[in-house]
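Novice: Input query.cif, format and content: mmCIF, C-alpha atoms and all ligand atoms.
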```cif
data_target
#
loop_
_atom_site.label_atom_id
_atom_site.label_comp_id
_atom_site.auth_asym_id
_atom_site.auth_seq_id
_atom_site.Cartn_x
_atom_site.Cartn_y
_atom_site.Cartn_z
CA MET A 1 -194.07 58.63 -40.23
CA ILE A 2 -193.56 57.76 -43.90
CA VAL A 3 -191.42 54.80 -44.94
CA LEU A 4 -190.44 54.63 -48.59
CA VAL A 5 -189.85 51.06 -49.78
CA SER A 6 -187.87 51.31 -53.02
CA ILE A 7 -186.49 47.90 -53.90
CA PHE A 8 -186.80 47.19 -57.61
CA SER A 9 -184.56 45.64 -60.21
CA PRO A 10 -184.67 43.92 -63.61
CA VAL A 11 -183.65 40.84 -61.61
CA ALA A 12 -186.94 39.31 -60.38
CA LEU A 13 -185.60 38.32 -56.99
CA TRP A 14 -184.43 41.84 -56.17
CA ASN A 15 -187.93 43.28 -56.04
CA ALA A 16 -189.60 43.64 -52.66
CA PRO A 17 -192.62 41.30 -52.86
CA ASP A 18 -196.00 43.06 -52.37
CA ALA A 19 -196.94 40.50 -49.71
CA HIS A 20 -193.96 41.49 -47.57
CA VAL A 21 -194.77 45.20 -47.82
CA ALA A 22 -198.38 44.34 -46.88
CA ARG A 23 -197.02 42.48 -43.86
CA LEU A 24 -195.17 45.60 -42.73
CA ARG A 25 -198.34 47.71 -43.17
CA GLU A 26 -200.29 45.30 -40.94
CA ARG A 27 -197.60 45.32 -38.30
CA PHE A 28 -196.98 49.06 -37.91
CA ASP A 29 -199.94 51.26 -37.05
CA GLY A 30 -199.33 54.93 -37.68
CA VAL A 31 -196.67 54.31 -40.31
CA ARG A 32 -197.45 54.97 -43.98
CA PHE A 33 -195.52 52.68 -46.33
CA VAL A 34 -195.08 53.99 -49.87
CA HIS A 35 -194.01 51.21 -52.24
CA ALA A 36 -192.10 52.70 -55.20
CA ARG A 37 -191.47 50.35 -58.11
CA ASP A 38 -189.25 52.57 -60.26
CA ARG A 39 -186.88 55.51 -59.97
CA ALA A 40 -189.48 58.15 -60.91
CA ALA A 41 -191.83 56.99 -58.14
CA THR A 42 -188.90 56.93 -55.71
CA LEU A 43 -187.89 60.48 -56.61
CA ALA A 44 -191.49 61.67 -56.29
CA ALA A 45 -191.92 60.12 -52.84
CA ALA A 46 -188.47 61.00 -51.48
CA PRO A 47 -189.24 64.55 -50.17
CA ASP A 48 -191.90 63.27 -47.71
CA SER A 49 -190.06 60.18 -46.50
CA ASP A 50 -188.61 59.85 -42.99
CA VAL A 51 -187.18 56.40 -43.62
CA MET A 52 -186.03 54.60 -46.76
CA PHE A 53 -185.84 50.84 -47.22
CA THR A 54 -183.67 50.58 -50.33
CA GLY A 55 -180.47 49.11 -51.70
CA GLU A 56 -179.95 51.80 -54.32
CA LEU A 57 -179.90 55.54 -53.93
CA ASP A 58 -178.44 58.20 -56.18
CA ALA A 59 -177.28 61.68 -55.15
CA GLU A 60 -180.29 63.38 -56.82
CA THR A 61 -182.85 61.29 -54.91
CA PHE A 62 -180.86 61.76 -51.73
CA ALA A 63 -180.85 65.56 -52.19
CA ALA A 64 -184.65 65.43 -52.61
CA ALA A 65 -185.08 63.35 -49.43
CA ARG A 66 -184.86 66.32 -47.07
CA ARG A 67 -186.72 64.64 -44.18
CA LEU A 68 -184.73 61.40 -44.35
CA ARG A 69 -183.30 60.26 -41.01
CA TRP A 70 -182.58 56.57 -41.54
CA LEU A 71 -181.95 54.26 -44.51
CA HIS A 72 -181.94 50.45 -44.31
CA SER A 73 -180.48 48.33 -47.11
CA PRO A 74 -181.80 44.83 -47.91
CA ALA A 75 -178.23 43.97 -48.98
CA ALA A 76 -175.02 43.70 -46.96
CA GLY A 77 -172.90 45.68 -49.44
CA VAL A 78 -173.75 49.40 -49.36
CA GLY A 79 -170.66 50.83 -51.11
CA GLY A 80 -172.73 52.18 -54.03
CA MET A 81 -174.78 54.43 -51.72
CA LEU A 82 -171.84 55.93 -49.85
CA PHE A 83 -171.33 59.01 -52.03
CA PRO A 84 -169.80 62.05 -50.25
CA GLU A 85 -173.15 63.80 -49.49
CA MET A 86 -174.47 60.66 -47.79
CA VAL A 87 -171.27 60.08 -45.82
CA ARG A 88 -171.25 63.69 -44.59
CA SER A 89 -174.95 63.71 -43.68
CA PRO A 90 -176.42 62.76 -40.29
CA VAL A 91 -178.62 60.09 -41.99
CA VAL A 92 -178.07 56.75 -40.26
CA MET A 93 -177.51 53.78 -42.54
CA THR A 94 -178.08 50.14 -41.59
CA ASN A 95 -177.58 47.04 -43.72
CA SER A 96 -178.62 43.39 -43.81
CA ARG A 97 -175.26 41.82 -42.98
CA GLY A 98 -175.68 38.44 -41.35
CA ILE A 99 -178.83 37.20 -43.04
CA HIS A 100 -176.91 35.84 -46.03
CA ALA A 101 -173.97 34.42 -44.12
CA ASP A 102 -174.94 30.77 -43.60
CA THR A 103 -176.22 30.42 -47.16
CA MET A 104 -173.10 32.04 -48.56
CA ALA A 105 -170.93 29.65 -46.56
CA GLU A 106 -172.79 26.69 -48.09
CA HIS A 107 -172.21 28.21 -51.51
CA VAL A 108 -168.48 28.63 -50.87
CA LEU A 109 -168.13 24.99 -49.85
CA ALA A 110 -170.25 23.89 -52.83
CA VAL A 111 -168.16 25.70 -55.45
CA TRP A 112 -164.86 24.78 -53.81
CA LEU A 113 -165.75 21.09 -53.78
CA ALA A 114 -167.16 21.33 -57.31
CA LEU A 115 -163.86 22.71 -58.62
CA LEU A 116 -161.69 20.29 -56.66
CA ARG A 117 -163.78 17.36 -57.90
CA ARG A 118 -164.01 18.82 -61.42
CA LEU A 119 -167.80 18.72 -61.49
CA PRO A 120 -168.15 21.41 -64.22
CA LEU A 121 -166.18 19.14 -66.59
CA ALA A 122 -168.21 16.09 -65.52
CA VAL A 123 -171.44 17.97 -66.21
CA ARG A 124 -170.22 19.02 -69.67
CA ARG A 125 -169.33 15.41 -70.50
CA GLN A 126 -172.68 14.22 -69.14
CA ALA A 127 -174.45 16.58 -71.57
CA GLU A 128 -172.42 14.91 -74.36
CA ARG A 129 -173.26 11.41 -72.96
CA ARG A 130 -169.51 10.72 -72.57
CA TRP A 131 -167.95 8.60 -69.81
CA SER A 132 -165.04 10.84 -68.73
CA GLN A 133 -163.26 8.75 -66.08
CA ASP A 134 -159.77 9.05 -67.59
CA GLU A 135 -160.19 12.72 -68.42
CA LEU A 136 -161.34 13.60 -64.89
CA SER A 137 -158.51 11.72 -63.23
CA ALA A 138 -155.79 13.14 -65.54
CA PRO A 139 -153.74 16.00 -63.98
CA PRO A 140 -154.65 18.04 -61.99
CA GLY A 141 -156.99 15.14 -61.14
CA ILE A 142 -159.72 15.00 -58.54
CA ARG A 143 -158.60 16.64 -55.31
CA THR A 144 -159.88 16.66 -51.73
CA ILE A 145 -160.32 19.39 -49.14
CA ALA A 146 -158.79 17.40 -46.29
CA GLY A 147 -155.59 19.00 -45.02
CA ARG A 148 -155.94 22.08 -47.22
CA ARG A 149 -155.30 25.60 -46.06
CA MET A 150 -157.92 28.31 -46.55
CA GLY A 151 -157.26 32.05 -46.51
CA VAL A 152 -160.32 34.13 -45.72
CA VAL A 153 -160.17 37.81 -46.66
CA GLY A 154 -162.75 39.62 -44.52
CA LEU A 155 -163.81 37.80 -41.38
CA GLY A 156 -167.26 39.31 -40.82
CA ALA A 157 -170.63 37.57 -40.97
CA ILE A 158 -169.84 35.68 -44.19
CA GLY A 159 -166.12 35.07 -43.64
CA GLY A 160 -166.85 33.81 -40.12
CA ALA A 161 -169.58 31.43 -41.32
CA VAL A 162 -167.24 30.07 -44.02
CA ALA A 163 -164.38 29.69 -41.54
CA ARG A 164 -166.45 27.75 -38.98
CA ARG A 165 -167.70 25.27 -41.57
CA ALA A 166 -164.30 24.82 -43.23
CA ALA A 167 -162.57 24.26 -39.87
CA ALA A 168 -165.19 21.63 -38.99
CA LEU A 169 -164.23 19.78 -42.20
CA GLY A 170 -160.55 19.64 -41.23
CA VAL A 171 -159.40 22.68 -43.21
CA GLU A 172 -156.73 24.92 -41.66
CA VAL A 173 -158.20 28.40 -41.73
CA HIS A 174 -156.28 31.69 -41.59
CA ALA A 175 -157.70 35.15 -42.18
CA VAL A 176 -157.09 38.83 -42.68
CA ARG A 177 -159.53 41.48 -41.53
CA ARG A 178 -159.39 45.24 -40.98
CA ARG A 179 -159.48 44.97 -37.17
CA PRO A 180 -157.42 41.86 -36.40
CA ASP A 181 -157.96 42.19 -32.66
CA ALA A 182 -161.75 41.81 -32.86
CA PRO A 183 -163.15 38.54 -31.42
CA ARG A 184 -162.13 35.60 -33.60
CA PRO A 185 -164.69 33.07 -34.90
CA GLU A 186 -164.25 29.49 -33.78
CA GLY A 187 -161.74 27.43 -35.73
CA VAL A 188 -159.62 30.23 -37.18
CA ARG A 189 -155.91 29.60 -36.55
CA SER A 190 -154.59 33.11 -37.16
CA VAL A 191 -155.96 36.55 -37.95
CA SER A 192 -153.79 39.29 -39.47
CA PRO A 193 -154.28 42.86 -40.67
CA PRO A 194 -154.73 43.67 -44.39
CA ALA A 195 -150.99 44.41 -44.67
CA ALA A 196 -150.40 40.65 -44.32
CA LEU A 197 -152.52 39.79 -47.37
CA LEU A 198 -149.59 38.65 -49.53
CA ASP A 199 -148.45 36.17 -46.87
CA LEU A 200 -151.97 34.77 -46.66
CA LEU A 201 -152.13 34.42 -50.45
CA ARG A 202 -148.72 32.69 -50.65
CA THR A 203 -149.73 29.99 -48.20
CA SER A 204 -153.38 29.31 -49.07
CA ASP A 205 -154.80 26.49 -51.22
CA VAL A 206 -158.06 28.37 -51.48
CA VAL A 207 -158.68 32.09 -50.98
CA VAL A 208 -162.18 33.27 -50.13
CA LEU A 209 -163.00 36.95 -50.66
CA ALA A 210 -165.61 38.11 -48.15
CA ALA A 211 -164.67 41.75 -47.62
CA PRO A 212 -166.83 44.73 -48.56
CA GLN A 213 -166.12 46.94 -51.55
CA THR A 214 -164.42 50.02 -50.12
CA ALA A 215 -161.70 52.42 -51.25
CA GLU A 216 -159.15 50.01 -49.72
CA THR A 217 -160.49 46.79 -51.24
CA ARG A 218 -160.89 47.96 -54.84
CA SER A 219 -158.65 45.69 -56.99
CA LEU A 220 -157.36 44.10 -53.79
CA ILE A 221 -156.51 41.05 -55.88
CA GLY A 222 -154.44 42.36 -58.78
CA ARG A 223 -151.46 41.12 -60.75
CA ALA A 224 -149.01 41.07 -57.81
CA GLN A 225 -151.47 39.31 -55.51
CA LEU A 226 -152.33 36.68 -58.15
CA ALA A 227 -148.61 36.13 -58.76
CA ALA A 228 -148.17 35.44 -55.04
CA MET A 229 -150.79 32.67 -55.04
CA LYS A 230 -149.89 28.99 -55.43
CA PRO A 231 -150.24 27.86 -59.06
CA ASP A 232 -152.87 25.28 -58.08
CA ALA A 233 -154.77 27.55 -55.68
CA ILE A 234 -158.44 28.42 -56.14
CA LEU A 235 -159.89 31.92 -55.75
CA ILE A 236 -163.50 32.21 -54.60
CA ASN A 237 -165.15 35.64 -54.80
CA VAL A 238 -168.56 35.99 -53.17
CA ALA A 239 -168.02 39.62 -52.12
CA ARG A 240 -167.99 42.16 -54.94
CA GLY A 241 -166.50 41.92 -58.44
CA ARG A 242 -164.43 45.07 -58.10
CA LEU A 243 -162.24 43.46 -55.44
CA VAL A 244 -160.56 41.58 -58.29
CA ASP A 245 -158.69 42.84 -61.34
CA GLU A 246 -160.57 40.64 -63.81
CA ALA A 247 -158.12 41.13 -66.71
CA ALA A 248 -155.23 40.02 -64.48
CA LEU A 249 -157.30 37.07 -63.24
CA ALA A 250 -158.15 35.96 -66.79
CA GLU A 251 -154.46 36.16 -67.70
CA ALA A 252 -153.34 34.14 -64.68
CA LEU A 253 -155.92 31.43 -65.43
CA ALA A 254 -155.15 31.31 -69.15
CA GLU A 255 -151.41 30.97 -68.42
CA GLY A 256 -151.98 28.22 -65.86
CA ARG A 257 -150.65 30.35 -62.98
CA LEU A 258 -153.81 29.74 -60.93
CA GLY A 259 -155.71 26.52 -60.33
CA GLY A 260 -159.23 27.90 -60.73
CA ALA A 261 -161.74 30.51 -59.70
CA ALA A 262 -165.35 30.53 -58.56
CA LEU A 263 -166.94 33.91 -59.17
CA ASP A 264 -170.40 34.76 -57.86
CA VAL A 265 -169.85 38.45 -58.52
CA THR A 266 -168.19 40.37 -61.35
CA ALA A 267 -167.18 44.00 -61.79
CA HIS A 268 -170.09 44.54 -64.23
CA GLU A 269 -173.20 42.44 -63.80
CA PRO A 270 -174.41 40.66 -65.80
CA LEU A 271 -170.94 39.59 -66.96
CA ASP A 272 -170.37 40.60 -70.59
CA PRO A 273 -170.91 37.59 -72.92
CA ALA A 274 -167.57 38.59 -74.53
CA SER A 275 -165.64 38.24 -71.25
CA PRO A 276 -162.84 35.64 -71.49
CA LEU A 277 -163.78 34.46 -67.99
CA TRP A 278 -166.73 32.43 -69.31
CA ASP A 279 -164.57 29.88 -71.17
CA LEU A 280 -161.40 29.67 -69.11
CA PRO A 281 -160.49 26.30 -67.66
CA GLY A 282 -161.30 25.89 -63.98
CA VAL A 283 -163.70 28.84 -63.82
CA LEU A 284 -167.11 28.39 -62.25
CA ILE A 285 -169.41 31.37 -62.66
CA THR A 286 -172.64 31.80 -60.72
CA PRO A 287 -174.85 34.86 -61.31
CA HIS A 288 -174.76 36.61 -57.90
CA VAL A 289 -176.83 33.92 -56.22
CA ALA A 290 -174.55 32.83 -53.35
CA GLY A 291 -176.89 34.37 -50.78
CA MET A 292 -180.12 33.01 -52.25
CA ARG A 293 -182.44 30.96 -50.09
CA PRO A 294 -186.18 30.30 -50.26
CA ASP A 295 -187.06 32.50 -47.30
CA LEU A 296 -184.70 35.38 -48.09
CA TRP A 297 -187.42 38.05 -48.15
CA ASP A 298 -188.82 36.80 -44.84
CA ALA A 299 -185.40 37.33 -43.27
CA VAL A 300 -184.85 40.71 -44.96
CA THR A 301 -188.32 41.95 -43.89
CA GLU A 302 -187.94 40.64 -40.34
CA LEU A 303 -184.63 42.45 -39.86
CA PHE A 304 -186.07 45.69 -41.24
CA ALA A 305 -189.19 45.34 -39.05
CA GLU A 306 -187.07 44.83 -35.93
CA ASN A 307 -185.03 47.91 -36.80
CA LEU A 308 -188.19 49.94 -37.50
CA ARG A 309 -189.53 48.93 -34.09
CA ARG A 310 -186.24 50.08 -32.54
CA PHE A 311 -186.22 53.30 -34.56
CA ARG A 312 -189.72 54.24 -33.34
CA ALA A 313 -188.83 53.30 -29.77
CA GLY A 314 -185.58 55.31 -29.88
CA GLU A 315 -183.52 52.14 -29.25
CA PRO A 316 -180.10 51.45 -30.87
CA LEU A 317 -180.45 50.03 -34.39
CA LEU A 318 -178.95 46.72 -35.54
CA ASN A 319 -176.20 46.66 -38.21
CA VAL A 320 -175.32 50.34 -38.26
CA VAL A 321 -172.91 51.02 -41.13
CA ASP A 322 -169.68 52.90 -40.44
CA LYS A 323 -170.11 55.28 -43.37
CA LEU A 324 -166.48 56.40 -43.29
CA ALA A 325 -165.10 52.84 -43.25
CA GLY A 326 -167.57 51.90 -46.02
CA TYR A 327 -169.29 48.88 -44.42
N1 LIG B 1 -172.67 37.42 -53.40
C1 LIG B 1 -173.69 37.80 -52.67
O1 LIG B 1 -174.82 37.45 -52.94
C2 LIG B 1 -173.43 38.65 -51.44
C3 LIG B 1 -174.38 38.60 -50.37
C4 LIG B 1 -174.10 39.30 -49.21
C5 LIG B 1 -172.93 40.06 -49.11
N2 LIG B 1 -172.06 40.11 -50.16
C6 LIG B 1 -170.81 40.90 -50.05
O2 LIG B 1 -170.02 40.38 -49.00
C7 LIG B 1 -169.47 41.45 -48.24
C8 LIG B 1 -169.20 40.98 -46.80
O3 LIG B 1 -170.45 40.71 -46.19
P1 LIG B 1 -170.56 40.45 -44.62
O4 LIG B 1 -172.01 40.34 -44.33
O5 LIG B 1 -169.64 39.36 -44.20
O6 LIG B 1 -170.01 41.86 -44.09
P2 LIG B 1 -169.37 42.21 -42.64
O7 LIG B 1 -169.97 41.34 -41.61
O8 LIG B 1 -169.47 43.68 -42.52
O9 LIG B 1 -167.84 41.77 -42.81
C9 LIG B 1 -166.92 42.46 -43.58
C10 LIG B 1 -165.54 41.97 -43.19
O10 LIG B 1 -164.56 42.52 -44.09
C11 LIG B 1 -163.47 42.99 -43.30
N3 LIG B 1 -162.74 44.03 -43.99
C12 LIG B 1 -163.04 45.34 -44.19
N4 LIG B 1 -162.07 45.97 -44.88
C13 LIG B 1 -161.12 45.04 -45.11
C14 LIG B 1 -159.86 45.05 -45.77
N5 LIG B 1 -159.38 46.17 -46.33
N6 LIG B 1 -159.14 43.90 -45.84
C15 LIG B 1 -159.60 42.76 -45.27
N7 LIG B 1 -160.79 42.67 -44.63
C16 LIG B 1 -161.53 43.80 -44.57
C17 LIG B 1 -164.08 43.47 -42.02
O11 LIG B 1 -163.09 43.53 -41.01
P3 LIG B 1 -163.40 43.83 -39.44
O12 LIG B 1 -164.40 42.78 -39.02
O13 LIG B 1 -162.11 43.65 -38.81
O14 LIG B 1 -163.98 45.21 -39.40
C18 LIG B 1 -165.13 42.38 -41.79
O15 LIG B 1 -164.52 41.28 -41.14
C19 LIG B 1 -170.52 42.56 -48.32
O16 LIG B 1 -169.95 43.84 -48.15
C20 LIG B 1 -171.09 42.38 -49.71
O17 LIG B 1 -170.40 43.19 -50.63
C21 LIG B 1 -172.29 39.42 -51.31
#
```
Please express what this file holds, its structure, as structure tokens.

Specialist:
Amino acid sequence: MIVLVSIFSPVALWNAPDAHVARLRERFDGVRFVHARDRAATLAAAPDSDVMFTGELDAETFAAARRLRWLHSPAAGVGGMLFPEMVRSPVVMTNSRGIHADTMAEHVLAVWLALLRRLPLAVRRQAERRWSQDELSAPPGIRTIAGRRMGVVGLGAIGGAVARRAAALGVEVHAVRRRPDAPRPEGVRSVSPPAALLDLLRTSDVVVLAAPQTAETRSLIGRAQLAAMKPDAILINVARGRLVDEAALAEALAEGRLGGAALDVTAHEPLDPASPLWDLPGVLITPHVAGMRPDLWDAVTELFAENLRRFRAGEPLLNVVDKLAGY
């Protein structure tokens, strides 16, 4: 059996470390691991590969991968690989949902508190060696999370982890998800279908986007949705940039119709230096790091190894993607 590991990126962290591929080689006798470090090497190795461990795949490489039976993604979001040929094919796709969830929930709480307590402004004044007590307490002032209402959009691994932590801190949590009747994570007061999104937005002090990028969630938060939000509400996007109409968001923030936004993801990454989002008041931008943790590759490799063991044993795989639903 040949496993093609093709995880490379200009971003240092998104390259499969050699040591982790070596670990897989030691663990699986009878499996040949080919470690491709660029697209040309991936394309060359694709025709002989039974399994691919990759987060990026284009239609040409997929067409060349005639033996492929299973693909595992090191990421949770797989929307970019769900082109029609892949969706129609019998190739099974699995993802790494779940391994980022706790870290992402810490990130959501961190950026929410940072915006409520105006830490970005405090940090700017610190760099200028200025004591900003009056400025920080002037309207909208320093706010607290106690008694606030959170709307979680997408109540999967990440949304559930956020909801549990927020509820434990006294936040009233409500959510929308695609299948509202699925088991509800602890602490969530109500769960509604996507059709109830506007109601959730109208009543939330903070809205957390934790849904996958699919045909239904593209520009989920547009002009009408932003207009429904409370003028002092905060939008936190840790899902995918394309869930938000960024031009409409920039407008709402510039006109003071929204209290702030924390964006870990943007429609185009890296975010264009010319984007108005960089300088708008109340915007906290992090460069797609909400899921980062020191042992991330250990967790990613462990999940893949467990699935490879299952694949060889003919057992059901973990985290099978519903290719038609898009996640
Ligand atoms: N920033 C980062 O570093 C980072 C890291 C990891 C993941 N992500 C992003 O976060 C997304 C979620 O990750 P996850 O691990 O939580 O995935 P997940 O466990 O698959 O959860 C996805 C959730 O979204 C819900 N959903 C699907 N379509 C929806 C819609 N139209 N409206 C409302 N909710 C909808 C699903 O509903 P049901 O449960 O009812 O089916 C599910 O609750 C990923 O797809 C990825 O894009 C970002």

Novice: Would you pick out the contacts of Leu271 in chain A at 12 Å or less, using only C-alpha atoms, so that residues sharing its chain but fewer than 6 positions from it are not included, and give the list as a list in words?

Specialist: Gly241, Glu246, Leu263, Asp264, Val265, Leu277, Trp278, Ile285, Thr286, Pro287 and His288 of chain A

Novice: Write out as a compact mmCIF listing (two decimals) with C-alpha atoms, in the frame of the given file which residues come within 9 Å of Met229 in chain A when counting all atoms listed in the file, dropping same-chain ones fewer than 6 positions away.

Specialist:
```txt
# COMPACT_ATOMS: atom_id res chain seq x y z
CA LEU A 198 -149.59 38.65 -49.53
CA LEU A 200 -151.97 34.77 -46.66
CA LEU A 201 -152.13 34.42 -50.45
CA ARG A 202 -148.72 32.69 -50.65
CA THR A 203 -149.73 29.99 -48.20
CA SER A 204 -153.38 29.31 -49.07
CA ASP A 205 -154.80 26.49 -51.22
CA VAL A 207 -158.68 32.09 -50.98
CA ARG A 257 -150.65 30.35 -62.98
CA LEU A 258 -153.81 29.74 -60.93
```

Novice: So how far away is CA of Ala105 in chain A from atom O1 of ligand LIG 1 (chain B), in Å?

Specialist: 10.8 Å

Novice: Report the distance between CA of Glu269 in chain A and CA of Leu116 in chain A in Å, rounded to one decimal place.

Specialist: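 So the two atoms, CA of Glu269 in chain A and CA of Leu116 in chain A, lie 26.0 Å apart.
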
Novice: To one decimal place in Å, what is the distance between CA of Val321 in chain A and atom O13 of ligand LIG 1 (chain B)?

Specialist: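 We find that CA of Val321 in chain A and atom O13 of ligand LIG 1 (chain B) lie 13.3 Å from each other.
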
Novice: Which residues, written as a ChimeraX atom specification, have at least one atom at most 6 Å from range 143-155 of chain A, with only C-alpha atoms counted and residues fewer than 4 positions away on the same chain left out?

Specialist: /A:116-117,159-160,170-177,200,204-211

Novice: Store the residues picked out above, limited to C-alpha atoms, as a JSON list (two decimals), in the coordinates of the input.

Specialist:
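The resulting selection29.json:
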```json
[["chain", "number", "residue", "atom", "x", "y", "z"],
["A", 116, "LEU", "CA", -161.69, 20.29, -56.66],
["A", 117, "ARG", "CA", -163.78, 17.36, -57.90],
["A", 159, "GLY", "CA", -166.12, 35.07, -43.64],
["A", 160, "GLY", "CA", -166.85, 33.81, -40.12],
["A", 170, "GLY", "CA", -160.55, 19.64, -41.23],
["A", 171, "VAL", "CA", -159.40, 22.68, -43.21],
["A", 172, "GLU", "CA", -156.73, 24.92, -41.66],
["A", 173, "VAL", "CA", -158.20, 28.40, -41.73],
["A", 174, "HIS", "CA", -156.28, 31.69, -41.59],
["A", 175, "ALA", "CA", -157.70, 35.15, -42.18],
["A", 176, "VAL", "CA", -157.09, 38.83, -42.68],
["A", 177, "ARG", "CA", -159.53, 41.48, -41.53],
["A", 200, "LEU", "CA", -151.97, 34.77, -46.66],
["A", 204, "SER", "CA", -153.38, 29.31, -49.07],
["A", 205, "ASP", "CA", -154.80, 26.49, -51.22],
["A", 206, "VAL", "CA", -158.06, 28.37, -51.48],
["A", 207, "VAL", "CA", -158.68, 32.09, -50.98],
["A", 208, "VAL", "CA", -162.18, 33.27, -50.13],
["A", 209, "LEU", "CA", -163.00, 36.95, -50.66],
["A", 210, "ALA", "CA", -165.61, 38.11, -48.15],
["A", 211, "ALA", "CA", -164.67, 41.75, -47.62]]
```

Novice: Mind giving me the axis-aligned box for range 140-150 of chain A with 8 Å on every side, centre plus edges in Å to one decimal, as lines of an AutoDock Vina configuration file?

Specialist:
```
center_x = -157.5
center_y = 21.7
center_z = -53.5
size_x = 21.7
size_y = 29.3
size_z = 33.0
```

Novice: So that each row is one residue of chain A with an atom at most 7 Å from ligand LIG 1 (chain B), can you give its shortest atom pair and the distance in Å to one decimal, using all atoms listed in the file, rows by chain and rising number, as a tab-separated table?

Specialist:
```
residue	atom	partner	partner_atom	distance
A:Ala75	CA	B:LIG1	C4	6.2
A:Ala76	CA	B:LIG1	C5	4.7
A:Gly77	CA	B:LIG1	O16	3.7
A:Val78	CA	B:LIG1	O16	6.8
A:Arg97	CA	B:LIG1	O4	3.8
A:Gly98	CA	B:LIG1	O4	5.1
A:His100	CA	B:LIG1	C4	5.5
A:Ala101	CA	B:LIG1	O4	6.2
A:Met104	CA	B:LIG1	C3	6.9
A:Val153	CA	B:LIG1	C15	5.2
A:Gly154	CA	B:LIG1	O10	3.4
A:Leu155	CA	B:LIG1	O15	3.6
A:Gly156	CA	B:LIG1	O9	3.2
A:Ala157	CA	B:LIG1	O5	3.8
A:Ile158	CA	B:LIG1	O5	3.7
A:Gly159	CA	B:LIG1	O5	5.6
A:Val176	CA	B:LIG1	C15	5.3
A:Arg177	CA	B:LIG1	N7	3.6
A:Arg178	CA	B:LIG1	O13	3.8
A:Arg179	CA	B:LIG1	O13	3.4
A:Pro180	CA	B:LIG1	O13	5.6
A:Ala182	CA	B:LIG1	O13	6.2
A:Pro194	CA	B:LIG1	N6	4.6
A:Ala210	CA	B:LIG1	C8	4.8
A:Ala211	CA	B:LIG1	O10	3.6
A:Pro212	CA	B:LIG1	O16	3.3
A:Gln213	CA	B:LIG1	O17	5.8
A:Glu216	CA	B:LIG1	N5	5.1
A:Thr217	CA	B:LIG1	N5	5.1
A:Val238	CA	B:LIG1	N1	4.4
A:Ala239	CA	B:LIG1	C6	3.7
A:Arg240	CA	B:LIG1	O17	5.0
A:Asp264	CA	B:LIG1	N1	5.7
A:Val265	CA	B:LIG1	N1	5.9
A:His288	CA	B:LIG1	N1	5.0
A:Val289	CA	B:LIG1	O1	5.2
A:Ala290	CA	B:LIG1	O1	4.6
A:Gly291	CA	B:LIG1	O1	4.3
A:Met292	CA	B:LIG1	O1	6.9
A:Tyr327	CA	B:LIG1	O8	5.5
```

Novice: Just to be explicit: take each residue in the selection above, keep C-alpha atoms, and write the result as a compact mmCIF listing (two decimals), keeping the file's coordinate frame.

Specialist:
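Written out: again-v1.txt:
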```txt
# COMPACT_ATOMS: atom_id res chain seq x y z
CA ALA A 75 -178.23 43.97 -48.98
CA ALA A 76 -175.02 43.70 -46.96
CA GLY A 77 -172.90 45.68 -49.44
CA VAL A 78 -173.75 49.40 -49.36
CA ARG A 97 -175.26 41.82 -42.98
CA GLY A 98 -175.68 38.44 -41.35
CA HIS A 100 -176.91 35.84 -46.03
CA ALA A 101 -173.97 34.42 -44.12
CA MET A 104 -173.10 32.04 -48.56
CA VAL A 153 -160.17 37.81 -46.66
CA GLY A 154 -162.75 39.62 -44.52
CA LEU A 155 -163.81 37.80 -41.38
CA GLY A 156 -167.26 39.31 -40.82
CA ALA A 157 -170.63 37.57 -40.97
CA ILE A 158 -169.84 35.68 -44.19
CA GLY A 159 -166.12 35.07 -43.64
CA VAL A 176 -157.09 38.83 -42.68
CA ARG A 177 -159.53 41.48 -41.53
CA ARG A 178 -159.39 45.24 -40.98
CA ARG A 179 -159.48 44.97 -37.17
CA PRO A 180 -157.42 41.86 -36.40
CA ALA A 182 -161.75 41.81 -32.86
CA PRO A 194 -154.73 43.67 -44.39
CA ALA A 210 -165.61 38.11 -48.15
CA ALA A 211 -164.67 41.75 -47.62
CA PRO A 212 -166.83 44.73 -48.56
CA GLN A 213 -166.12 46.94 -51.55
CA GLU A 216 -159.15 50.01 -49.72
CA THR A 217 -160.49 46.79 -51.24
CA VAL A 238 -168.56 35.99 -53.17
CA ALA A 239 -168.02 39.62 -52.12
CA ARG A 240 -167.99 42.16 -54.94
CA ASP A 264 -170.40 34.76 -57.86
CA VAL A 265 -169.85 38.45 -58.52
CA HIS A 288 -174.76 36.61 -57.90
CA VAL A 289 -176.83 33.92 -56.22
CA ALA A 290 -174.55 32.83 -53.35
CA GLY A 291 -176.89 34.37 -50.78
CA MET A 292 -180.12 33.01 -52.25
CA TYR A 327 -169.29 48.88 -44.42
```

Novice: Excluding Thr54 in chain A and residues on its chain fewer than 2 positions from it, collect all residues at most 8 Å away from it, counting only C-alpha atoms, and give them as an MDAnalysis selection string.

Specialist: chainID A and resid 5:7 52 56:57 71:74

Novice: Counting all atoms listed in the file, which residue out of A:Ala168, A:Met81, A:Leu226, A:Ala313 sits closest to Ala59 in chain A?

Specialist: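 Using all atoms listed in the file, Ala59 in chain A sits closest to A:Met81.
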
Novice: Got a sec: who's within 9 Å of Arg118 in chain A, counting only C-alpha atoms, leaving out chain neighbours fewer than 6 positions off, as a PyMOL selection string?

Specialist: chain A and resi 136+141-143+282

Novice: Restricting the calculation to only C-alpha atoms, which member of A:Val21, A:Leu82, A:Arg165, A:Ala44 is positioned closest to Asp102 in chain A?

Specialist: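 Ranking A:Val21, A:Leu82, A:Arg165, A:Ala44 by distance to Asp102 in chain A, first place goes to A:Arg165.
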